[in-house]
Amino acid sequence: MSSTTWTSFCPAQLSMALSTPQKRFGRLLLYVVGVIVILLVLWPLPYARATVRKGAGGSRTQLDAIRNETLGVGKIFAISLPSRVDKRDNLVLGSSVSDFHIDWIDGVTPDELNPKAYPYNWNYDHKPTEYAARRAHVNALQRIVRERLGSAIVMEDDVDWDVTIKTQLQSFAFAVRALQGVTQKATDSPYGDDWDIIWLGHCGVECRTDVPLFMSSNDPTVLPPHHFLPYWRDPPPMAIPDHSRLACAVHDAVCSIVYAVSYRGAQKILAALSVNPGGLAEQIDIGAQFDVSLGRMCGNGYLRCFAAYPSLTGGYQPAGPFSKASDIHDEGQDVHPASSNGVMYSTMLNINRILTGDKTVTATWDDAPIPVVNPVNISAVGGALLLLGEEGAYTLTDVDP
Ligand SMILES: *[C@@H]1O[C@H](CO)[C@@H](O)[C@H](O)[C@H]1NC(C)=O
Ligand SMILES: *[C@@H]1O[C@H](CO)[C@@H](O)[C@H](O)[C@H]1NC(C)=O
């Protein structure tokens, strides 16, 4: 409302009721204060929006920590058999060109395991190699608890990630912060403080639909759906526009390829999968493979878990027979060239380009929206907080980074 409206309207009204100039001024002041209060009450929405956007901008400095040597967590662990020096070469070189640091958790083989170390409820229908794989993850969690790490990332050793991983993680942290309602607050972790597991690399996720979801848009590193590998869970019950990635609270997920875990999360998983005080295992663990048990712990509310859909990370298959890939399952012997799945700008497939000093990287597929890109041209993206209603998803708030 402009000041000209005031001078033309108010004095004319007031002059009829008031006699002295002092009284007139007092009434006028009350009137002005009253109108300002009414305006503030009637305009809560623009006021609230301004606060959200300002706060989101303030979290940007927190997201800077994600570009550090450990991607914004305390340490990064890769689980890998000491004998698979070839896979360690891949991870050391890949993390070096992406500028982050990996520590090792030795993979476990069944013959190294004392049979007495098996949890009493382990389902012996599963292969001994599957228990050994679960034990390697539990060893990683034991290490996180022993070293009192605030959070850590654990990855398996056949992983591939996008050359823009740091930017992707900033976008994703922005999304999971919004899901925790902490866009404007300072937090200990750049990913927020109210999570146990952030499931970055998986082969299927079932999102909770009773709480908000976050859709990040205009992200050129999101694969078109025809390049997804089969997921072992149904896609989320909403349309995901092209170049968009969903962040959601997890009801269930499979394949523990890459995940971040908080200190509290590591303690709780160690309690459930091994220490098992007071019959905890009966309630939440079915003696299954690590990823299956982890999915259940997310689904029954024991752990607070978030995930990306589609998966943020993918897999790398070095040149040679398929049997090189897995130490858990037996695969065929046919020789094939190196390949990558699940990431737009594969770090592993671009290593030669990066080492020759080329500033650009190529997409894994010719039909990518941007087949050749300078990664510095890709920046973190914002998105919208959504809620699923009877008519589909609707937007609660737009949030810009
Ligand atoms: C990276 O940032 C996180 C979060 O601030 C911090 O805990 C971690 O120690 C940092 N890592 C390095 C190597 O500075
Ligand atoms: C990167 O961005 C600059 C300036 O915006 C543009 O001139 C250049 O063509 C871009 N390069 C690639 C490879 O995306």
# chains A, B, ... in the order shown; residues from 1 in each chain; ligands from 1

call {"tool": "select_by_dssp", "arguments": {"residues": "stretch 51-300 of chain A", "states": "strand (DSSP E)", "output": "PyMOL selection string"}}
result
chain A and resi 75-80+103-106+151-156+159-160+197-201+205-207+213-216+245-253+258-262

call {"tool": "select_by_dssp", "arguments": {"residues": "stretch 62-276 of chain A", "states": "alpha helix (DSSP H)", "output": "ChimeraX atom specification"}}
result
/A:62-63,85-97,128-146,165-180,263-270

call {"tool": "residues_around", "arguments": {"residues": "A:Arg143", "least_positions_apart": "2", "cutoff": "12 Å", "atoms": "only C-alpha atoms", "output": "PDB file with N, CA, C and O atoms, in the first residue's frame"}}
result
ATOM      1  N   GLY A  74      33.434 -38.500   7.715  1.00  0.00           N
ATOM      2  CA  GLY A  74      34.711 -38.658   8.415  1.00  0.00           C
ATOM      3  C   GLY A  74      35.732 -39.466   7.623  1.00  0.00           C
ATOM      4  O   GLY A  74      36.898 -39.085   7.502  1.00  0.00           O
ATOM      5  N   LYS A  75      35.306 -40.612   7.072  1.00  0.00           N
ATOM      6  CA  LYS A  75      36.206 -41.462   6.274  1.00  0.00           C
ATOM      7  C   LYS A  75      35.402 -42.196   5.205  1.00  0.00           C
ATOM      8  O   LYS A  75      34.195 -42.375   5.355  1.00  0.00           O
ATOM      9  N   ILE A  76      36.095 -42.618   4.174  1.00  0.00           N
ATOM     10  CA  ILE A  76      35.470 -43.440   3.127  1.00  0.00           C
ATOM     11  C   ILE A  76      36.158 -44.801   3.145  1.00  0.00           C
ATOM     12  O   ILE A  76      37.388 -44.872   3.064  1.00  0.00           O
ATOM     13  N   PHE A  77      35.368 -45.860   3.293  1.00  0.00           N
ATOM     14  CA  PHE A  77      35.927 -47.210   3.320  1.00  0.00           C
ATOM     15  C   PHE A  77      35.469 -47.972   2.080  1.00  0.00           C
ATOM     16  O   PHE A  77      34.299 -47.915   1.708  1.00  0.00           O
ATOM     17  N   ASP A 103      39.986 -45.529   2.451  1.00  0.00           N
ATOM     18  CA  ASP A 103      40.647 -46.478   3.354  1.00  0.00           C
ATOM     19  C   ASP A 103      40.062 -47.858   3.082  1.00  0.00           C
ATOM     20  O   ASP A 103      38.926 -47.977   2.635  1.00  0.00           O
ATOM     21  N   TRP A 104      40.840 -48.911   3.395  1.00  0.00           N
ATOM     22  CA  TRP A 104      40.383 -50.271   3.082  1.00  0.00           C
ATOM     23  C   TRP A 104      39.753 -50.971   4.272  1.00  0.00           C
ATOM     24  O   TRP A 104      40.204 -50.803   5.409  1.00  0.00           O
ATOM     25  N   ILE A 105      38.737 -51.742   3.970  1.00  0.00           N
ATOM     26  CA  ILE A 105      38.243 -52.772   4.882  1.00  0.00           C
ATOM     27  C   ILE A 105      38.488 -54.083   4.136  1.00  0.00           C
ATOM     28  O   ILE A 105      37.997 -54.253   3.005  1.00  0.00           O
ATOM     29  N   ASP A 106      39.269 -54.968   4.702  1.00  0.00           N
ATOM     30  CA  ASP A 106      39.577 -56.208   3.994  1.00  0.00           C
ATOM     31  C   ASP A 106      38.313 -57.042   3.813  1.00  0.00           C
ATOM     32  O   ASP A 106      37.565 -57.271   4.770  1.00  0.00           O
ATOM     33  N   ALA A 136      32.017 -58.618   6.317  1.00  0.00           N
ATOM     34  CA  ALA A 136      32.917 -57.526   5.924  1.00  0.00           C
ATOM     35  C   ALA A 136      32.239 -56.174   6.169  1.00  0.00           C
ATOM     36  O   ALA A 136      32.874 -55.228   6.643  1.00  0.00           O
ATOM     37  N   HIS A 137      30.941 -56.075   5.875  1.00  0.00           N
ATOM     38  CA  HIS A 137      30.219 -54.832   6.161  1.00  0.00           C
ATOM     39  C   HIS A 137      30.162 -54.578   7.667  1.00  0.00           C
ATOM     40  O   HIS A 137      30.337 -53.453   8.124  1.00  0.00           O
ATOM     41  N   VAL A 138      29.895 -55.649   8.435  1.00  0.00           N
ATOM     42  CA  VAL A 138      29.835 -55.467   9.893  1.00  0.00           C
ATOM     43  C   VAL A 138      31.210 -55.026  10.410  1.00  0.00           C
ATOM     44  O   VAL A 138      31.309 -54.184  11.309  1.00  0.00           O
ATOM     45  N   ASN A 139      32.290 -55.556   9.809  1.00  0.00           N
ATOM     46  CA  ASN A 139      33.630 -55.098  10.205  1.00  0.00           C
ATOM     47  C   ASN A 139      33.806 -53.609   9.932  1.00  0.00           C
ATOM     48  O   ASN A 139      34.429 -52.888  10.720  1.00  0.00           O
ATOM     49  N   ALA A 140      33.257 -53.141   8.813  1.00  0.00           N
ATOM     50  CA  ALA A 140      33.343 -51.705   8.492  1.00  0.00           C
ATOM     51  C   ALA A 140      32.614 -50.896   9.567  1.00  0.00           C
ATOM     52  O   ALA A 140      33.126 -49.880  10.057  1.00  0.00           O
ATOM     53  N   LEU A 141      31.437 -51.371   9.967  1.00  0.00           N
ATOM     54  CA  LEU A 141      30.660 -50.648  10.981  1.00  0.00           C
ATOM     55  C   LEU A 141      31.379 -50.699  12.338  1.00  0.00           C
ATOM     56  O   LEU A 141      31.414 -49.713  13.072  1.00  0.00           O
ATOM     57  N   VAL A 145      32.570 -47.434  14.592  1.00  0.00           N
ATOM     58  CA  VAL A 145      32.251 -47.256  16.013  1.00  0.00           C
ATOM     59  C   VAL A 145      33.553 -47.150  16.823  1.00  0.00           C
ATOM     60  O   VAL A 145      33.700 -46.274  17.667  1.00  0.00           O
ATOM     61  N   ARG A 146      34.526 -48.018  16.503  1.00  0.00           N
ATOM     62  CA  ARG A 146      35.789 -48.005  17.259  1.00  0.00           C
ATOM     63  C   ARG A 146      36.513 -46.675  17.099  1.00  0.00           C
ATOM     64  O   ARG A 146      37.060 -46.129  18.053  1.00  0.00           O
ATOM     65  N   GLU A 147      36.502 -46.141  15.867  1.00  0.00           N
ATOM     66  CA  GLU A 147      37.210 -44.883  15.615  1.00  0.00           C
ATOM     67  C   GLU A 147      36.357 -43.661  15.932  1.00  0.00           C
ATOM     68  O   GLU A 147      36.792 -42.537  15.715  1.00  0.00           O
ATOM     69  N   ARG A 148      35.113 -43.870  16.410  1.00  0.00           N
ATOM     70  CA  ARG A 148      34.231 -42.766  16.798  1.00  0.00           C
ATOM     71  C   ARG A 148      34.039 -41.770  15.648  1.00  0.00           C
ATOM     72  O   ARG A 148      34.060 -40.568  15.860  1.00  0.00           O
ATOM     73  N   LEU A 149      33.876 -42.294  14.443  1.00  0.00           N
ATOM     74  CA  LEU A 149      33.677 -41.402  13.293  1.00  0.00           C
ATOM     75  C   LEU A 149      32.247 -40.871  13.307  1.00  0.00           C
ATOM     76  O   LEU A 149      31.305 -41.641  13.463  1.00  0.00           O
ATOM     77  N   GLY A 150      32.080 -39.581  13.111  1.00  0.00           N
ATOM     78  CA  GLY A 150      30.745 -38.982  13.089  1.00  0.00           C
ATOM     79  C   GLY A 150      29.884 -39.573  11.990  1.00  0.00           C
ATOM     80  O   GLY A 150      28.674 -39.751  12.135  1.00  0.00           O
ATOM     81  N   SER A 151      30.520 -39.901  10.865  1.00  0.00           N
ATOM     82  CA  SER A 151      29.840 -40.566   9.753  1.00  0.00           C
ATOM     83  C   SER A 151      30.913 -41.108   8.819  1.00  0.00           C
ATOM     84  O   SER A 151      32.076 -40.713   8.918  1.00  0.00           O
ATOM     85  N   ALA A 152      30.515 -42.018   7.947  1.00  0.00           N
ATOM     86  CA  ALA A 152      31.468 -42.584   6.988  1.00  0.00           C
ATOM     87  C   ALA A 152      30.695 -43.055   5.763  1.00  0.00           C
ATOM     88  O   ALA A 152      29.475 -43.237   5.822  1.00  0.00           O
ATOM     89  N   ILE A 153      31.427 -43.221   4.663  1.00  0.00           N
ATOM     90  CA  ILE A 153      30.843 -43.853   3.476  1.00  0.00           C
ATOM     91  C   ILE A 153      31.486 -45.220   3.333  1.00  0.00           C
ATOM     92  O   ILE A 153      32.697 -45.366   3.506  1.00  0.00           O
ATOM     93  N   VAL A 154      30.653 -46.232   3.067  1.00  0.00           N
ATOM     94  CA  VAL A 154      31.156 -47.584   2.824  1.00  0.00           C
ATOM     95  C   VAL A 154      30.770 -47.966   1.406  1.00  0.00           C
ATOM     96  O   VAL A 154      29.626 -47.757   0.993  1.00  0.00           O
ATOM     97  N   VAL A 261      26.843 -43.872   6.456  1.00  0.00           N
ATOM     98  CA  VAL A 261      26.254 -44.301   7.725  1.00  0.00           C
ATOM     99  C   VAL A 261      26.736 -43.345   8.805  1.00  0.00           C
ATOM    100  O   VAL A 261      27.897 -42.932   8.811  1.00  0.00           O
ATOM    101  N   TYR A 263      27.411 -42.298  12.890  1.00  0.00           N
ATOM    102  CA  TYR A 263      27.955 -43.010  14.052  1.00  0.00           C
ATOM    103  C   TYR A 263      26.841 -43.776  14.771  1.00  0.00           C
ATOM    104  O   TYR A 263      26.963 -44.960  15.064  1.00  0.00           O
ATOM    105  N   ALA A 266      25.809 -46.736  12.750  1.00  0.00           N
ATOM    106  CA  ALA A 266      26.768 -47.843  12.842  1.00  0.00           C
ATOM    107  C   ALA A 266      26.597 -48.575  14.167  1.00  0.00           C
ATOM    108  O   ALA A 266      26.617 -49.816  14.207  1.00  0.00           O
ATOM    109  N   GLN A 267      26.389 -47.829  15.252  1.00  0.00           N
ATOM    110  CA  GLN A 267      26.175 -48.481  16.556  1.00  0.00           C
ATOM    111  C   GLN A 267      24.925 -49.363  16.528  1.00  0.00           C
ATOM    112  O   GLN A 267      24.929 -50.494  17.007  1.00  0.00           O
ATOM    113  N   LEU A 270      25.403 -52.535  14.396  1.00  0.00           N
ATOM    114  CA  LEU A 270      26.260 -53.471  15.118  1.00  0.00           C
ATOM    115  C   LEU A 270      25.459 -54.178  16.217  1.00  0.00           C
ATOM    116  O   LEU A 270      25.599 -55.386  16.431  1.00  0.00           O
TER     117      LEU A 270
END

call {"tool": "closest_atom_pairs", "arguments": {"of": "chain A", "to": "ligand 2", "cutoff": "10 Å", "atoms": "only C-alpha atoms and all ligand atoms", "output": "JSON lines"}}
result
{"residue": "A:Lys359", "atom": "CA", "partner": "ligand 2", "partner_atom_place_in_ligand_line": "13 (C)", "distance": 7.9}
{"residue": "A:Thr360", "atom": "CA", "partner": "ligand 2", "partner_atom_place_in_ligand_line": "13 (C)", "distance": 5.9}
{"residue": "A:Val361", "atom": "CA", "partner": "ligand 2", "partner_atom_place_in_ligand_line": "13 (C)", "distance": 8.2}
{"residue": "A:Thr362", "atom": "CA", "partner": "ligand 2", "partner_atom_place_in_ligand_line": "13 (C)", "distance": 9.7}
{"residue": "A:Ile370", "atom": "CA", "partner": "ligand 2", "partner_atom_place_in_ligand_line": "14 (O)", "distance": 7.9}
{"residue": "A:Pro371", "atom": "CA", "partner": "ligand 2", "partner_atom_place_in_ligand_line": "13 (C)", "distance": 9.3}
{"residue": "A:Val372", "atom": "CA", "partner": "ligand 2", "partner_atom_place_in_ligand_line": "13 (C)", "distance": 6.1}
{"residue": "A:Val373", "atom": "CA", "partner": "ligand 2", "partner_atom_place_in_ligand_line": "13 (C)", "distance": 4.0}
{"residue": "A:Asn374", "atom": "CA", "partner": "ligand 2", "partner_atom_place_in_ligand_line": "13 (C)", "distance": 4.2}
{"residue": "A:Pro375", "atom": "CA", "partner": "ligand 2", "partner_atom_place_in_ligand_line": "14 (O)", "distance": 7.4}
{"residue": "A:Val376", "atom": "CA", "partner": "ligand 2", "partner_atom_place_in_ligand_line": "1 (C)", "distance": 7.3}
{"residue": "A:Asn377", "atom": "CA", "partner": "ligand 2", "partner_atom_place_in_ligand_line": "1 (C)", "distance": 4.9}
{"residue": "A:Ile378", "atom": "CA", "partner": "ligand 2", "partner_atom_place_in_ligand_line": "14 (O)", "distance": 8.2}

call {"tool": "residues_near_ligand", "arguments": {"ligand": "ligand 1", "cutoff": "6 Å", "atoms": "only C-alpha atoms and all ligand atoms", "output": "NGL selection string"}}
result
:A and (65 or 68-70 or 72-74 or 189)

call {"tool": "residues_around", "arguments": {"residues": "A:Pro318", "least_positions_apart": "5", "cutoff": "8 Å", "atoms": "only C-alpha atoms", "output": "CSV table (one decimal) with C-alpha atoms, in the first residue's frame"}}
result
chain,number,residue,atom,x,y,z
A,324,LYS,CA,36.6,-61.1,-12.6
A,325,ALA,CA,33.7,-59.0,-11.3
A,337,PRO,CA,35.7,-55.0,-23.1
A,338,ALA,CA,35.5,-52.7,-20.0
A,339,SER,CA,32.1,-51.3,-19.4

call {"tool": "residues_around", "arguments": {"residues": "A:Leu63", "least_positions_apart": "5", "cutoff": "12 Å", "atoms": "only C-alpha atoms", "output": "NGL selection string"}}
result
:A and (56-58 or 68 or 71-73 or 166-177 or 183-184 or 186-192 or 380 or 401)

call {"tool": "atom_distance", "arguments": {"atom1": "atom CA of A:Ser326", "atom2": "atom CA of A:Asp125"}}
result
19.8 Å

call {"tool": "closest_residue", "arguments": {"among": "A:Arg208, A:Arg353, A:His227, A:Arg135", "to": "A:Phe290", "atoms": "only C-alpha atoms"}}
result
A:Arg135

call {"tool": "closest_atom_pairs", "arguments": {"of": "stretch 106-223 of chain A", "to": "stretch 85-102 of chain A", "cutoff": "10 Å", "atoms": "only C-alpha atoms", "output": "tab-separated table"}}
result
residue	atom	partner	partner_atom	distance
A:Ile153	CA	A:Ile102	CA	9.4
A:Val154	CA	A:Ile102	CA	9.5
A:Met155	CA	A:Ile102	CA	9.6
A:Glu156	CA	A:Leu91	CA	10.0
A:Asp157	CA	A:Lys87	CA	6.4
A:Asp158	CA	A:Lys87	CA	7.2
A:Val159	CA	A:Leu91	CA	8.3
A:Asp160	CA	A:Gly94	CA	8.3
A:Trp161	CA	A:Gly94	CA	8.7
A:Asp162	CA	A:Ser98	CA	9.0
A:Val163	CA	A:Ser98	CA	6.5
A:Thr164	CA	A:Ser98	CA	8.2
A:Ile165	CA	A:Ser98	CA	7.8
A:Lys166	CA	A:Ser98	CA	8.3

call {"tool": "atom_distance", "arguments": {"atom1": "atom CA of A:His336", "atom2": "atom CA of A:Gly320"}}
result
5.4 Å

call {"tool": "closest_residue", "arguments": {"among": "A:Leu113, A:Leu223, A:Ala132, A:Leu246", "to": "A:Gln289", "atoms": "only C-alpha atoms"}}
result
A:Ala132

call {"tool": "residues_around", "arguments": {"residues": "A:Gly392", "least_positions_apart": "3", "cutoff": "9 Å", "atoms": "only C-alpha atoms", "output": "list in words"}}
result
Pro237, Met238, Ala239, Leu387, Leu388 and Gly389 of chain A

call {"tool": "residues_around", "arguments": {"residues": "stretch 282-287 of chain A", "least_positions_apart": "6", "cutoff": "9 Å", "atoms": "only C-alpha atoms", "output": "list in words"}}
result
Pro119, Tyr120, Asn121, Trp122, Asn123, Tyr124, Ala272, Leu273, Asn276, Ser293, Leu294, Arg296, Met297, Asn300 and Tyr302 of chain A

call {"tool": "atom_distance", "arguments": {"atom1": "atom CA of A:Tyr309", "atom2": "atom CA of A:Val292"}}
result
17.9 Å

call {"tool": "closest_residue", "arguments": {"among": "A:Asn352, A:Ser80, A:Thr109, A:Thr61", "to": "A:Glu130", "atoms": "only C-alpha atoms"}}
result
A:Thr109
